[in-house]
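Here's input33.txt, which has compact mmCIF, C-alpha atoms and all ligand atoms:
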# COMPACT_ATOMS: atom_id res chain seq x y z
CA MET I 1 -1.45 -0.05 -20.84
CA THR I 2 0.51 3.19 -21.15
CA VAL I 3 -0.25 6.16 -19.04
CA SER I 4 -0.50 9.30 -21.16
CA ALA I 5 2.60 11.45 -20.78
CA THR I 6 0.58 14.61 -20.44
CA ALA I 7 -1.59 13.12 -17.69
CA THR I 8 1.50 12.10 -15.69
CA GLU I 9 3.13 15.47 -16.26
CA GLN I 10 0.02 17.22 -15.10
CA ALA I 11 -0.48 14.98 -12.08
CA PRO I 12 2.90 13.85 -10.73
CA GLN I 13 3.20 10.98 -8.34
CA PHE I 14 2.54 11.86 -4.69
CA PRO I 15 4.20 11.79 -2.10
CA LEU I 16 6.67 14.20 -3.66
CA LYS I 17 10.37 13.95 -2.84
CA ARG I 18 12.46 16.76 -1.42
CA GLY I 19 15.46 17.46 -3.69
CA CYS I 20 17.15 19.49 -0.96
CA PRO I 21 16.65 18.17 2.58
CA PHE I 22 16.15 21.72 3.87
CA ALA I 23 13.50 22.83 1.37
CA PRO I 24 10.01 21.74 0.31
CA PRO I 25 9.80 19.43 -2.75
CA GLU I 26 10.54 21.51 -5.88
CA THR I 27 7.28 20.40 -7.51
CA ALA I 28 5.26 21.70 -4.55
CA THR I 29 7.05 25.04 -4.80
CA GLU I 30 6.39 25.20 -8.56
CA PHE I 31 2.72 24.41 -7.98
CA ARG I 32 2.49 27.17 -5.37
CA GLU I 33 4.12 29.68 -7.74
CA SER I 34 1.62 28.72 -10.47
CA GLY I 35 -1.05 30.09 -8.12
CA THR I 36 -3.72 27.41 -8.51
CA PRO I 37 -4.55 24.00 -7.04
CA ARG I 38 -2.98 21.21 -9.13
CA ARG I 39 -3.60 17.48 -9.34
CA VAL I 40 -1.27 14.73 -8.13
CA THR I 41 -1.49 10.96 -8.62
CA ILE I 42 -1.62 8.77 -5.52
CA TRP I 43 -1.01 5.02 -4.96
CA ASP I 44 -4.47 3.94 -6.23
CA GLY I 45 -4.23 5.97 -9.45
CA SER I 46 -6.69 8.62 -8.28
CA THR I 47 -5.78 12.28 -8.74
CA PRO I 48 -6.67 14.46 -5.74
CA TRP I 49 -5.85 18.18 -5.62
CA LEU I 50 -2.62 19.33 -4.04
CA ILE I 51 -3.07 22.66 -2.30
CA THR I 52 0.16 24.58 -1.84
CA ARG I 53 -0.71 28.24 -1.24
CA HIS I 54 -1.10 29.44 2.34
CA ASP I 55 -4.38 31.30 1.69
CA HIS I 56 -5.88 28.38 -0.24
CA ILE I 57 -5.14 25.93 2.59
CA GLN I 58 -6.77 28.27 5.10
CA GLN I 59 -9.78 28.66 2.82
CA ILE I 60 -10.22 24.88 2.58
CA LEU I 61 -9.39 23.80 6.14
CA GLY I 62 -11.56 26.62 7.45
CA ALA I 63 -14.56 25.64 5.33
CA GLY I 64 -16.57 23.91 8.09
CA ASP I 65 -18.91 21.18 6.87
CA ARG I 66 -18.01 21.80 3.21
CA ILE I 67 -15.04 19.48 3.81
CA SER I 68 -14.73 16.11 5.56
CA ALA I 69 -11.83 14.44 7.37
CA ASP I 70 -13.58 11.05 7.24
CA VAL I 71 -11.21 8.47 5.77
CA THR I 72 -14.17 6.19 4.96
CA ALA I 73 -15.96 8.83 2.84
CA PRO I 74 -16.03 8.18 -0.94
CA GLY I 75 -13.28 10.14 -2.70
CA PHE I 76 -11.15 10.60 0.43
CA PRO I 77 -7.48 10.48 -0.69
CA ASN I 78 -6.37 7.63 1.58
CA THR I 79 -2.71 6.89 2.26
CA SER I 80 -3.21 3.15 1.54
CA ASP I 81 -6.03 0.66 1.07
CA ALA I 82 -5.75 -0.24 4.77
CA GLN I 83 -6.41 3.29 6.04
CA PRO I 84 -10.25 3.23 6.15
CA ALA I 85 -10.26 -0.05 8.14
CA VAL I 86 -7.40 0.89 10.47
CA GLU I 87 -8.32 4.52 11.16
CA GLY I 88 -12.00 4.69 10.26
CA ASP I 89 -13.20 4.77 13.88
CA ILE I 90 -10.68 7.25 15.27
CA PHE I 91 -12.25 10.54 16.35
CA PHE I 92 -9.77 12.74 14.49
CA ARG I 93 -10.75 11.05 11.24
CA LYS I 94 -14.37 12.04 11.85
CA ASP I 95 -16.40 15.23 11.48
CA GLY I 96 -18.76 17.30 13.60
CA ASP I 97 -20.66 15.30 16.23
CA GLN I 98 -18.31 12.34 15.93
CA HIS I 99 -15.21 14.48 16.38
CA LEU I 100 -15.96 17.41 18.63
CA PRO I 101 -17.26 15.63 21.79
CA ILE I 102 -14.09 13.51 22.04
CA ARG I 103 -11.88 16.48 21.29
CA ARG I 104 -13.64 18.32 24.15
CA ILE I 105 -12.96 15.41 26.51
CA LEU I 106 -9.23 15.60 25.74
CA ASN I 107 -8.78 19.39 25.49
CA PRO I 108 -8.48 20.23 29.24
CA ASP I 109 -5.17 18.36 29.55
CA PHE I 110 -3.63 20.14 26.56
CA THR I 111 -4.51 23.81 27.07
CA ALA I 112 -1.72 26.41 26.96
CA LYS I 113 -2.14 26.88 30.72
CA ARG I 114 -1.81 23.18 31.55
CA SER I 115 1.20 22.78 29.30
CA GLU I 116 2.82 25.89 30.78
CA ALA I 117 2.28 24.50 34.28
CA LEU I 118 4.28 21.45 33.23
CA ARG I 119 7.28 23.54 32.15
CA PRO I 120 9.31 23.08 35.40
CA ARG I 121 8.72 19.32 35.33
CA ILE I 122 9.61 19.17 31.62
CA ALA I 123 12.86 21.02 32.43
CA GLU I 124 13.59 18.47 35.18
CA LEU I 125 12.90 15.55 32.86
CA THR I 126 15.06 17.11 30.14
CA ASP I 127 17.93 17.48 32.61
CA LEU I 128 17.57 13.86 33.72
CA LEU I 129 17.89 12.72 30.10
CA ILE I 130 20.92 14.95 29.53
CA ASP I 131 22.48 13.56 32.77
CA GLU I 132 22.17 10.10 31.22
CA LEU I 133 23.52 11.31 27.87
CA ILE I 134 26.67 12.93 29.14
CA VAL I 135 28.00 9.74 30.66
CA MET I 136 27.30 7.64 27.56
CA GLU I 137 29.95 6.51 25.15
CA ARG I 138 30.34 8.87 22.16
CA PRO I 139 29.38 9.21 19.36
CA LEU I 140 25.76 8.52 20.18
CA ASP I 141 22.42 8.77 18.44
CA LEU I 142 20.47 11.76 19.71
CA ILE I 143 17.25 10.57 18.07
CA GLU I 144 17.10 7.46 20.21
CA HIS I 145 18.60 8.84 23.41
CA PHE I 146 17.05 12.29 23.47
CA ALA I 147 14.56 13.18 20.73
CA LEU I 148 12.46 10.01 21.06
CA ALA I 149 12.90 9.73 24.81
CA LEU I 150 11.71 13.21 25.83
CA PRO I 151 8.18 13.09 24.33
CA THR I 152 7.67 9.71 26.01
CA VAL I 153 8.56 10.86 29.51
CA VAL I 154 6.50 14.01 29.04
CA ILE I 155 3.38 12.24 27.77
CA CYS I 156 3.71 9.75 30.67
CA GLU I 157 3.56 12.76 32.97
CA VAL I 158 0.39 14.05 31.28
CA LEU I 159 -1.26 10.63 31.42
CA GLY I 160 -0.20 9.92 35.00
CA VAL I 161 2.06 6.95 34.16
CA PRO I 162 4.90 6.82 36.75
CA TYR I 163 8.35 7.94 35.56
CA GLU I 164 9.85 4.55 36.47
CA GLU I 165 7.61 2.91 33.87
CA ARG I 166 8.62 5.15 31.01
CA HIS I 167 10.72 2.38 29.47
CA THR I 168 7.69 0.17 28.88
CA VAL I 169 5.88 3.00 27.08
CA HIS I 170 9.04 4.03 25.26
CA GLU I 171 9.77 0.52 23.99
CA SER I 172 6.20 0.05 22.71
CA SER I 173 5.82 3.46 21.09
CA LYS I 174 9.30 3.41 19.56
CA LYS I 175 8.34 0.33 17.58
CA PHE I 176 5.53 2.23 15.82
CA VAL I 177 8.02 4.81 14.62
CA GLN I 178 10.84 2.55 13.45
CA LEU I 179 10.25 1.65 9.83
CA SER I 180 12.36 -1.52 10.08
CA VAL I 181 10.16 -3.15 12.75
CA PRO I 182 8.00 -5.97 11.25
CA HIS I 183 4.21 -5.69 11.33
CA GLU I 184 3.74 -8.55 13.87
CA GLU I 185 6.14 -6.90 16.28
CA LYS I 186 4.27 -3.62 15.94
CA MET I 187 0.99 -5.40 16.71
CA ALA I 188 2.54 -7.05 19.78
CA ALA I 189 3.82 -3.65 20.96
CA HIS I 190 0.33 -2.23 20.44
CA ALA I 191 -1.21 -5.00 22.57
CA ALA I 192 1.44 -4.54 25.28
CA LEU I 193 0.77 -0.80 25.44
CA HIS I 194 -2.99 -1.36 25.72
CA ALA I 195 -2.51 -3.92 28.50
CA ASN I 196 -0.19 -1.55 30.34
CA LEU I 197 -2.59 1.41 30.06
CA SER I 198 -5.58 -0.75 31.11
CA ALA I 199 -3.76 -1.79 34.28
CA HIS I 200 -2.92 1.83 35.10
CA MET I 201 -6.42 2.99 34.43
CA GLU I 202 -7.88 0.29 36.63
CA SER I 203 -5.61 1.31 39.49
CA LYS I 204 -6.61 4.99 39.10
CA ARG I 205 -10.14 4.00 40.17
CA THR I 206 -8.91 3.49 43.72
CA ARG I 207 -5.99 5.94 43.57
CA PRO I 208 -7.14 8.91 41.49
CA ASP I 209 -4.66 11.66 40.53
CA ASN I 210 -4.49 14.74 38.27
CA GLY I 211 -3.46 12.82 35.15
CA LEU I 212 -5.45 12.24 31.99
CA LEU I 213 -5.91 8.47 32.55
CA SER I 214 -7.45 9.10 35.97
CA ARG I 215 -9.84 11.72 34.56
CA LEU I 216 -10.85 9.49 31.66
CA VAL I 217 -11.74 6.51 33.86
CA ASN I 218 -13.18 8.29 36.89
CA VAL I 219 -15.08 11.10 35.17
CA HIS I 220 -15.86 9.80 31.69
CA VAL I 221 -16.19 6.03 32.16
CA ASP I 222 -17.54 5.81 35.71
CA GLU I 223 -19.29 9.15 36.38
CA LYS I 224 -20.64 10.45 33.06
CA GLY I 225 -20.62 7.19 31.13
CA ASP I 226 -19.76 8.95 27.86
CA LEU I 227 -16.83 6.57 27.20
CA THR I 228 -16.43 2.82 27.63
CA PHE I 229 -13.33 1.57 29.48
CA GLU I 230 -11.92 0.27 26.19
CA GLU I 231 -12.50 3.61 24.44
CA ALA I 232 -10.73 5.39 27.30
CA VAL I 233 -7.71 3.06 26.99
CA GLY I 234 -7.74 3.65 23.23
CA LEU I 235 -7.63 7.43 23.74
CA GLY I 236 -4.66 7.08 26.09
CA ALA I 237 -2.79 5.03 23.47
CA LEU I 238 -3.78 7.42 20.72
CA VAL I 239 -2.46 10.43 22.57
CA ILE I 240 0.86 8.62 23.09
CA GLY I 241 1.04 7.65 19.41
CA ALA I 242 -0.02 10.99 17.94
CA GLY I 243 2.56 13.02 19.82
CA HIS I 244 5.51 10.68 19.84
CA GLU I 245 6.91 10.57 16.34
CA THR I 246 5.97 14.15 15.50
CA THR I 247 7.58 15.79 18.51
CA ALA I 248 10.61 13.46 18.34
CA ASN I 249 11.23 14.31 14.69
CA MET I 250 10.91 18.01 15.36
CA ILE I 251 13.31 17.88 18.31
CA GLY I 252 15.86 16.09 16.10
CA LEU I 253 15.44 18.42 13.12
CA GLY I 254 15.67 21.48 15.37
CA ILE I 255 18.94 20.24 16.87
CA LEU I 256 20.34 19.69 13.38
CA ALA I 257 19.37 23.22 12.27
CA LEU I 258 20.94 24.73 15.39
CA VAL I 259 24.15 22.74 14.84
CA ARG I 260 24.35 23.88 11.19
CA GLU I 261 23.58 27.52 11.86
CA PRO I 262 25.74 28.62 14.81
CA GLU I 263 24.63 32.26 14.59
CA GLN I 264 20.99 31.21 15.10
CA ARG I 265 22.05 29.02 18.03
CA ALA I 266 23.94 31.96 19.54
CA ILE I 267 20.85 34.18 19.28
CA MET I 268 18.71 31.54 20.99
CA LEU I 269 21.24 31.05 23.80
CA SER I 270 21.75 34.80 24.26
CA ASP I 271 18.25 35.07 25.75
CA PRO I 272 16.25 31.82 25.84
CA ALA I 273 13.36 33.49 27.70
CA LYS I 274 12.92 35.73 24.65
CA TYR I 275 14.01 33.55 21.74
CA ALA I 276 13.08 29.97 22.66
CA SER I 277 9.46 30.54 21.68
CA THR I 278 10.18 32.36 18.39
CA CYS I 279 12.76 29.66 17.66
CA VAL I 280 10.11 26.95 18.02
CA GLU I 281 7.66 28.73 15.72
CA GLU I 282 10.38 29.28 13.14
CA MET I 283 11.52 25.65 13.26
CA MET I 284 7.92 24.53 12.79
CA ARG I 285 7.65 26.77 9.73
CA TYR I 286 11.07 25.97 8.33
CA TRP I 287 10.85 22.19 8.58
CA SER I 288 7.07 21.70 8.15
CA MET I 289 7.63 18.08 8.97
CA VAL I 290 4.01 16.96 8.57
CA GLN I 291 4.31 16.78 4.82
CA THR I 292 1.59 14.54 3.40
CA GLU I 293 -1.33 15.79 5.51
CA PRO I 294 -3.88 17.30 6.18
CA ARG I 295 -6.13 15.39 3.76
CA ARG I 296 -9.81 16.00 3.23
CA VAL I 297 -12.63 15.30 0.76
CA LEU I 298 -14.97 18.05 -0.42
CA THR I 299 -18.63 17.65 0.47
CA GLN I 300 -19.63 20.63 -1.70
CA ASP I 301 -18.21 22.35 -4.77
CA MET I 302 -15.71 25.08 -3.88
CA GLU I 303 -13.84 27.62 -5.99
CA VAL I 304 -10.21 27.90 -4.93
CA GLY I 305 -7.71 30.14 -6.75
CA GLY I 306 -10.03 30.41 -9.74
CA VAL I 307 -10.46 26.62 -10.09
CA LEU I 308 -13.74 24.85 -9.39
CA LEU I 309 -13.08 21.88 -7.11
CA ARG I 310 -15.99 19.44 -7.10
CA ALA I 311 -17.83 17.73 -4.24
CA GLY I 312 -16.37 14.24 -3.80
CA GLU I 313 -12.87 15.25 -4.89
CA GLY I 314 -9.89 14.62 -2.62
CA ILE I 315 -7.68 17.33 -1.19
CA ILE I 316 -4.10 17.06 0.10
CA CYS I 317 -2.65 20.14 1.75
CA ASN I 318 1.09 20.68 1.39
CA LEU I 319 2.26 22.43 4.55
CA PRO I 320 5.96 22.67 3.51
CA ALA I 321 5.10 24.78 0.44
CA ALA I 322 2.52 26.91 2.26
CA ASN I 323 4.89 27.65 5.13
CA ARG I 324 7.36 29.12 2.63
CA ASP I 325 4.75 31.18 0.79
CA PRO I 326 6.40 34.54 -0.03
CA LEU I 327 2.98 36.21 0.09
CA VAL I 328 2.99 35.54 3.84
CA PHE I 329 6.64 35.23 4.94
CA ALA I 330 9.48 37.61 4.07
CA GLU I 331 12.59 35.74 2.84
CA PRO I 332 10.81 32.43 3.36
CA GLU I 333 13.82 30.24 2.58
CA LYS I 334 15.83 31.74 5.41
CA LEU I 335 15.88 30.27 8.92
CA ASP I 336 15.44 33.28 11.19
CA ILE I 337 14.57 32.45 14.78
CA THR I 338 13.80 36.11 15.56
CA ARG I 339 10.83 36.13 13.16
CA VAL I 340 7.68 37.21 14.96
CA GLU I 341 4.89 36.28 12.52
CA ARG I 342 3.13 33.18 13.88
CA LYS I 343 1.24 32.36 10.73
CA HIS I 344 2.80 28.97 10.03
CA MET I 345 0.47 25.99 9.79
CA GLY I 346 2.91 23.37 11.06
CA PHE I 347 0.25 22.24 13.56
CA GLY I 348 -2.50 22.35 10.94
CA TYR I 349 -5.42 24.77 10.71
CA GLY I 350 -9.13 24.73 11.55
CA VAL I 351 -11.10 22.34 13.77
CA HIS I 352 -8.58 19.49 13.54
CA GLN I 353 -5.63 21.69 14.47
CA CYS I 354 -3.16 19.78 16.65
CA LEU I 355 -4.40 18.82 20.12
CA GLY I 356 -0.87 18.56 21.54
CA GLN I 357 0.63 21.76 20.10
CA ASN I 358 0.97 23.60 23.41
CA LEU I 359 2.70 20.65 25.01
CA SER I 360 5.06 20.18 22.06
CA ARG I 361 5.91 23.86 22.07
CA VAL I 362 6.96 23.77 25.73
CA GLU I 363 9.01 20.60 25.13
CA MET I 364 10.96 22.18 22.28
CA GLN I 365 11.30 25.53 24.08
CA VAL I 366 12.93 23.69 26.97
CA ALA I 367 14.88 21.00 25.11
CA TRP I 368 16.90 23.03 22.61
CA PRO I 369 18.33 25.72 24.93
CA ARG I 370 18.96 23.20 27.72
CA LEU I 371 20.83 20.77 25.45
CA PHE I 372 23.15 23.45 24.03
CA GLN I 373 23.66 25.13 27.42
CA ARG I 374 24.84 21.87 28.91
CA ILE I 375 26.74 20.58 25.87
CA PRO I 376 27.95 23.76 24.12
CA ASP I 377 30.31 21.99 21.72
CA LEU I 378 27.76 19.44 20.51
CA ARG I 379 28.48 18.59 16.85
CA LEU I 380 27.68 16.06 14.15
CA ALA I 381 29.75 12.87 14.31
CA VAL I 382 29.28 12.27 10.55
CA GLU I 383 29.33 14.42 7.43
CA GLU I 384 26.03 16.19 6.85
CA SER I 385 25.72 14.35 3.52
CA GLU I 386 25.66 11.03 5.41
CA LEU I 387 22.50 11.89 7.34
CA HIS I 388 19.38 9.94 6.32
CA PHE I 389 16.07 11.74 6.23
CA HIS I 390 12.94 9.66 6.02
CA ASP I 391 11.12 11.35 3.21
CA ASP I 392 8.40 8.85 2.36
CA ALA I 393 6.58 8.88 5.70
CA LEU I 394 3.77 11.08 6.96
CA THR I 395 6.33 13.01 8.92
CA TYR I 396 9.71 14.16 7.70
CA GLY I 397 12.63 13.50 9.99
CA LEU I 398 16.04 12.04 10.65
CA GLU I 399 16.51 8.30 11.05
CA THR I 400 19.49 8.87 13.32
CA LEU I 401 21.43 11.91 14.47
CA PRO I 402 24.96 10.78 15.38
CA VAL I 403 26.65 13.43 17.51
CA THR I 404 29.69 13.89 19.64
CA TRP I 405 31.24 16.71 21.69
C1 LIG O 1 5.88 18.90 16.82
C2 LIG O 1 4.93 18.05 17.13
C3 LIG O 1 3.62 17.93 16.41
C4 LIG O 1 3.27 18.26 15.13
C5 LIG O 1 4.15 18.86 14.04
C6 LIG O 1 1.87 17.93 14.97
C7 LIG O 1 1.14 18.18 13.82
C8 LIG O 1 -0.22 18.00 13.70
C9 LIG O 1 -1.01 18.39 12.55
C10 LIG O 1 -0.48 19.06 11.28
C11 LIG O 1 -2.30 18.07 12.80
C12 LIG O 1 -3.51 18.32 11.90
C13 LIG O 1 -3.92 17.11 11.10
C14 LIG O 1 -5.12 17.37 10.21
O1 LIG O 1 -5.67 18.47 10.17
O2 LIG O 1 -5.54 16.43 9.51
C15 LIG O 1 -2.33 17.45 14.12
C16 LIG O 1 -3.45 16.95 14.73
C17 LIG O 1 -3.41 16.24 15.93
N1 LIG O 1 -2.35 16.12 16.80
FE1 LIG O 1 -0.49 16.83 16.53
N2 LIG O 1 1.41 17.39 16.13
C18 LIG O 1 2.43 17.37 17.05
C19 LIG O 1 2.38 16.94 18.36
C20 LIG O 1 1.30 16.34 18.96
C21 LIG O 1 1.24 15.86 20.32
C22 LIG O 1 2.33 15.97 21.38
C23 LIG O 1 0.03 15.27 20.48
C24 LIG O 1 -0.45 14.59 21.74
C25 LIG O 1 -1.47 14.93 22.36
C26 LIG O 1 -0.70 15.43 19.22
C27 LIG O 1 -1.98 14.99 18.97
C28 LIG O 1 -2.74 15.34 17.87
C29 LIG O 1 -4.13 14.94 17.69
C30 LIG O 1 -4.95 14.06 18.62
C31 LIG O 1 -4.56 15.52 16.47
C32 LIG O 1 -5.95 15.44 15.84
C33 LIG O 1 -6.77 16.58 16.38
C34 LIG O 1 -8.19 16.61 15.86
O3 LIG O 1 -8.50 16.05 14.81
O4 LIG O 1 -9.01 17.25 16.54
N3 LIG O 1 0.10 16.08 18.32
N4 LIG O 1 -1.05 17.43 14.64

Structure encoded using structure tokens:
Amino acid sequence: MTVSATATEQAPQFPLKRGCPFAPPETATEFRESGTPRRVTIWDGSTPWLITRHDHIQQILGAGDRISADVTAPGFPNTSDAQPAVEGDIFFRKDGDQHLPIRRILNPDFTAKRSEALRPRIAELTDLLIDELIVMERPLDLIEHFALALPTVVICEVLGVPYEERHTVHESSKKFVQLSVPHEEKMAAHAALHANLSAHMESKRTRPDNGLLSRLVNVHVDEKGDLTFEEAVGLGALVIGAGHETTANMIGLGILALVREPEQRAIMLSDPAKYASTCVEEMMRYWSMVQTEPRRVLTQDMEVGGVLLRAGEGIICNLPAANRDPLVFAEPEKLDITRVERKHMGFGYGVHQCLGQNLSRVEMQVAWPRLFQRIPDLRLAVEESELHFHDDALTYGLETLPVTW
């Protein structure tokens, strides 16, 4: 069977590749410039809509019950045939009454205020990691020794897992991220993490503290009864998983950008209290590392950019293209850490917007200035052209970041 050339031209294969590692895929940019939603072809041959304009993504993700995030719903543009079975029961793949109550249970530990209160401890943890780094043999991989390590120690802090046990969590969660790890090993790591969290949660019943695990077991399992023990353990593991790869990739990409663009690094270091936060927002916009999500299915017809999208059709939002939309951002291709517009959608938009965004922001705001203050002559240990970006995953990022100083 031959696929018609016009059909393939009209609906290119998705995920799209980035031609330049520092820009969105060219096809996504072309689609955005054309001004209307366009179709792409995914692994199962179906052709969901790719939404690339900033205003169109906001229209769709803000459309309440006219869209669904349910990966088991007919027409949902799944990432593989395993997705409905593997993720079908997770709250963030659900809508309305199946999503919001769990989100409300988790929210208190991730508010801007709670994350801000953690800033001094995050600074301490960052310094401990840099203390370890500076005595290591060089060159070294900053992804493994810094970018992946920091989110783990920080999320352990939020959960109430003691610092000394970070290695257990780190080893398990690292395996989910590394593409080379075989499936069986990933499953074993998953089981080990669950066993570890169960033991902690059990002990929090007699020794409660301010962490999330303690609150989940004592308030939600034992007092209110709105979660089972197993569900509570699952939420702990999910929070570790959801924030690990994303934050780690962003920390790595941010370091790379600051190494490549010394004038931007100098601005950040000239006044971190002023520029660390604008730097984080700009890096989120510039890299847009969540690149194959958010995905939804329409539950009602909707007109977007003059095109009628039908109920039951799949939607994939392209954040990299939207975050470089010239209708919203002046000189969108330029990295400018003094930019003040905070309109990027790097953490998503609407009711499923990222739970951990405040925490991630503080981590990046602390990590980048601290790293370059303590190691001012940090530089790549390889040619830039030798860096490997993983482009086919949900999140864009660097496989390794070899540096020296
Ligand atoms: C730089 C780091 C991060 C990025 C770029 C990121 C990005 C995103 C994006 C784009 C979404 C929306 C997905 C959608 O609408 O379908 C999302 C949702 C989510 N994120 Fe993050 N995230 C980051 C860090 C974290 C952290 C640290 C946590 C840990 C708590 C976390 C937990 C979640 C959860 C649980 C959701 C689903 C929320 C819901 O459906 O209500 N993320 N994230």

- Message: ligand LIG 1 (chain O): which residues are within 7 Å, counting only C-alpha atoms and all ligand atoms? Reply as a PyMOL selection string.
- Response: chain I and resi 69+91-93+99+103+239-240+242-244+246-247+250+284+289-290+293-295+346-349+351-357+359-360

- Item | Length of the CA of Thr404 in chain I to CA of Pro139 in chain I vector [Å] |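 These atoms are spaced 4.7 Å apart.
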
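With CA of Trp287 in chain I on one side and CA of Ile42 in chain I on the other, the separation reads 23.1 Å.
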
- Note on the structure: Counting only C-alpha atoms, the residue among I:Ile60, I:Leu16, I:Ile102, I:Leu394 that lies closest to Leu309 in chain I is I:Ile60

- Could you give me, as a count of residues only, the residues within 6 Å of range 148-158 of chain I, counting only C-alpha atoms and dropping anything in the same chain fewer than 4 positions from it? 7

For range 193-205 of chain I, supply N, CA, C and O atoms and format the output as a PDB file, keeping the file's coordinate frame.
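This is the output file rebuild-v4.pdb:
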ATOM      1  N   LEU I 193       1.081  -2.162  24.981  1.00  0.00           N
ATOM      2  CA  LEU I 193       0.770  -0.800  25.440  1.00  0.00           C
ATOM      3  C   LEU I 193      -0.654  -0.725  25.976  1.00  0.00           C
ATOM      4  O   LEU I 193      -0.909  -0.146  27.039  1.00  0.00           O
ATOM      5  N   HIS I 194      -1.597  -1.359  25.263  1.00  0.00           N
ATOM      6  CA  HIS I 194      -2.990  -1.360  25.720  1.00  0.00           C
ATOM      7  C   HIS I 194      -3.129  -2.040  27.076  1.00  0.00           C
ATOM      8  O   HIS I 194      -3.826  -1.552  27.958  1.00  0.00           O
ATOM      9  N   ALA I 195      -2.424  -3.182  27.238  1.00  0.00           N
ATOM     10  CA  ALA I 195      -2.510  -3.920  28.500  1.00  0.00           C
ATOM     11  C   ALA I 195      -1.943  -3.064  29.638  1.00  0.00           C
ATOM     12  O   ALA I 195      -2.530  -2.963  30.724  1.00  0.00           O
ATOM     13  N   ASN I 196      -0.833  -2.406  29.346  1.00  0.00           N
ATOM     14  CA  ASN I 196      -0.190  -1.550  30.340  1.00  0.00           C
ATOM     15  C   ASN I 196      -1.109  -0.387  30.763  1.00  0.00           C
ATOM     16  O   ASN I 196      -1.313  -0.116  31.948  1.00  0.00           O
ATOM     17  N   LEU I 197      -1.710   0.269  29.763  1.00  0.00           N
ATOM     18  CA  LEU I 197      -2.590   1.410  30.060  1.00  0.00           C
ATOM     19  C   LEU I 197      -3.843   0.956  30.802  1.00  0.00           C
ATOM     20  O   LEU I 197      -4.326   1.630  31.706  1.00  0.00           O
ATOM     21  N   SER I 198      -4.380  -0.224  30.420  1.00  0.00           N
ATOM     22  CA  SER I 198      -5.580  -0.750  31.110  1.00  0.00           C
ATOM     23  C   SER I 198      -5.279  -0.949  32.582  1.00  0.00           C
ATOM     24  O   SER I 198      -6.094  -0.581  33.445  1.00  0.00           O
ATOM     25  N   ALA I 199      -4.120  -1.530  32.883  1.00  0.00           N
ATOM     26  CA  ALA I 199      -3.760  -1.790  34.280  1.00  0.00           C
ATOM     27  C   ALA I 199      -3.654  -0.475  35.061  1.00  0.00           C
ATOM     28  O   ALA I 199      -4.168  -0.347  36.171  1.00  0.00           O
ATOM     29  N   HIS I 200      -3.023   0.528  34.427  1.00  0.00           N
ATOM     30  CA  HIS I 200      -2.920   1.830  35.100  1.00  0.00           C
ATOM     31  C   HIS I 200      -4.280   2.438  35.347  1.00  0.00           C
ATOM     32  O   HIS I 200      -4.579   2.947  36.418  1.00  0.00           O
ATOM     33  N   MET I 201      -5.113   2.360  34.322  1.00  0.00           N
ATOM     34  CA  MET I 201      -6.420   2.990  34.430  1.00  0.00           C
ATOM     35  C   MET I 201      -7.251   2.332  35.524  1.00  0.00           C
ATOM     36  O   MET I 201      -7.931   3.003  36.290  1.00  0.00           O
ATOM     37  N   GLU I 202      -7.170   1.032  35.588  1.00  0.00           N
ATOM     38  CA  GLU I 202      -7.880   0.290  36.630  1.00  0.00           C
ATOM     39  C   GLU I 202      -7.425   0.767  38.010  1.00  0.00           C
ATOM     40  O   GLU I 202      -8.257   1.026  38.896  1.00  0.00           O
ATOM     41  N   SER I 203      -6.119   0.921  38.163  1.00  0.00           N
ATOM     42  CA  SER I 203      -5.610   1.310  39.490  1.00  0.00           C
ATOM     43  C   SER I 203      -5.974   2.753  39.846  1.00  0.00           C
ATOM     44  O   SER I 203      -6.056   3.111  41.014  1.00  0.00           O
ATOM     45  N   LYS I 204      -6.226   3.593  38.826  1.00  0.00           N
ATOM     46  CA  LYS I 204      -6.610   4.990  39.100  1.00  0.00           C
ATOM     47  C   LYS I 204      -8.013   5.078  39.705  1.00  0.00           C
ATOM     48  O   LYS I 204      -8.419   6.111  40.199  1.00  0.00           O
ATOM     49  N   ARG I 205      -8.787   3.987  39.582  1.00  0.00           N
ATOM     50  CA  ARG I 205     -10.140   4.000  40.170  1.00  0.00           C
ATOM     51  C   ARG I 205     -10.048   4.074  41.689  1.00  0.00           C
ATOM     52  O   ARG I 205     -10.876   4.700  42.332  1.00  0.00           O
TER      53      ARG I 205
END
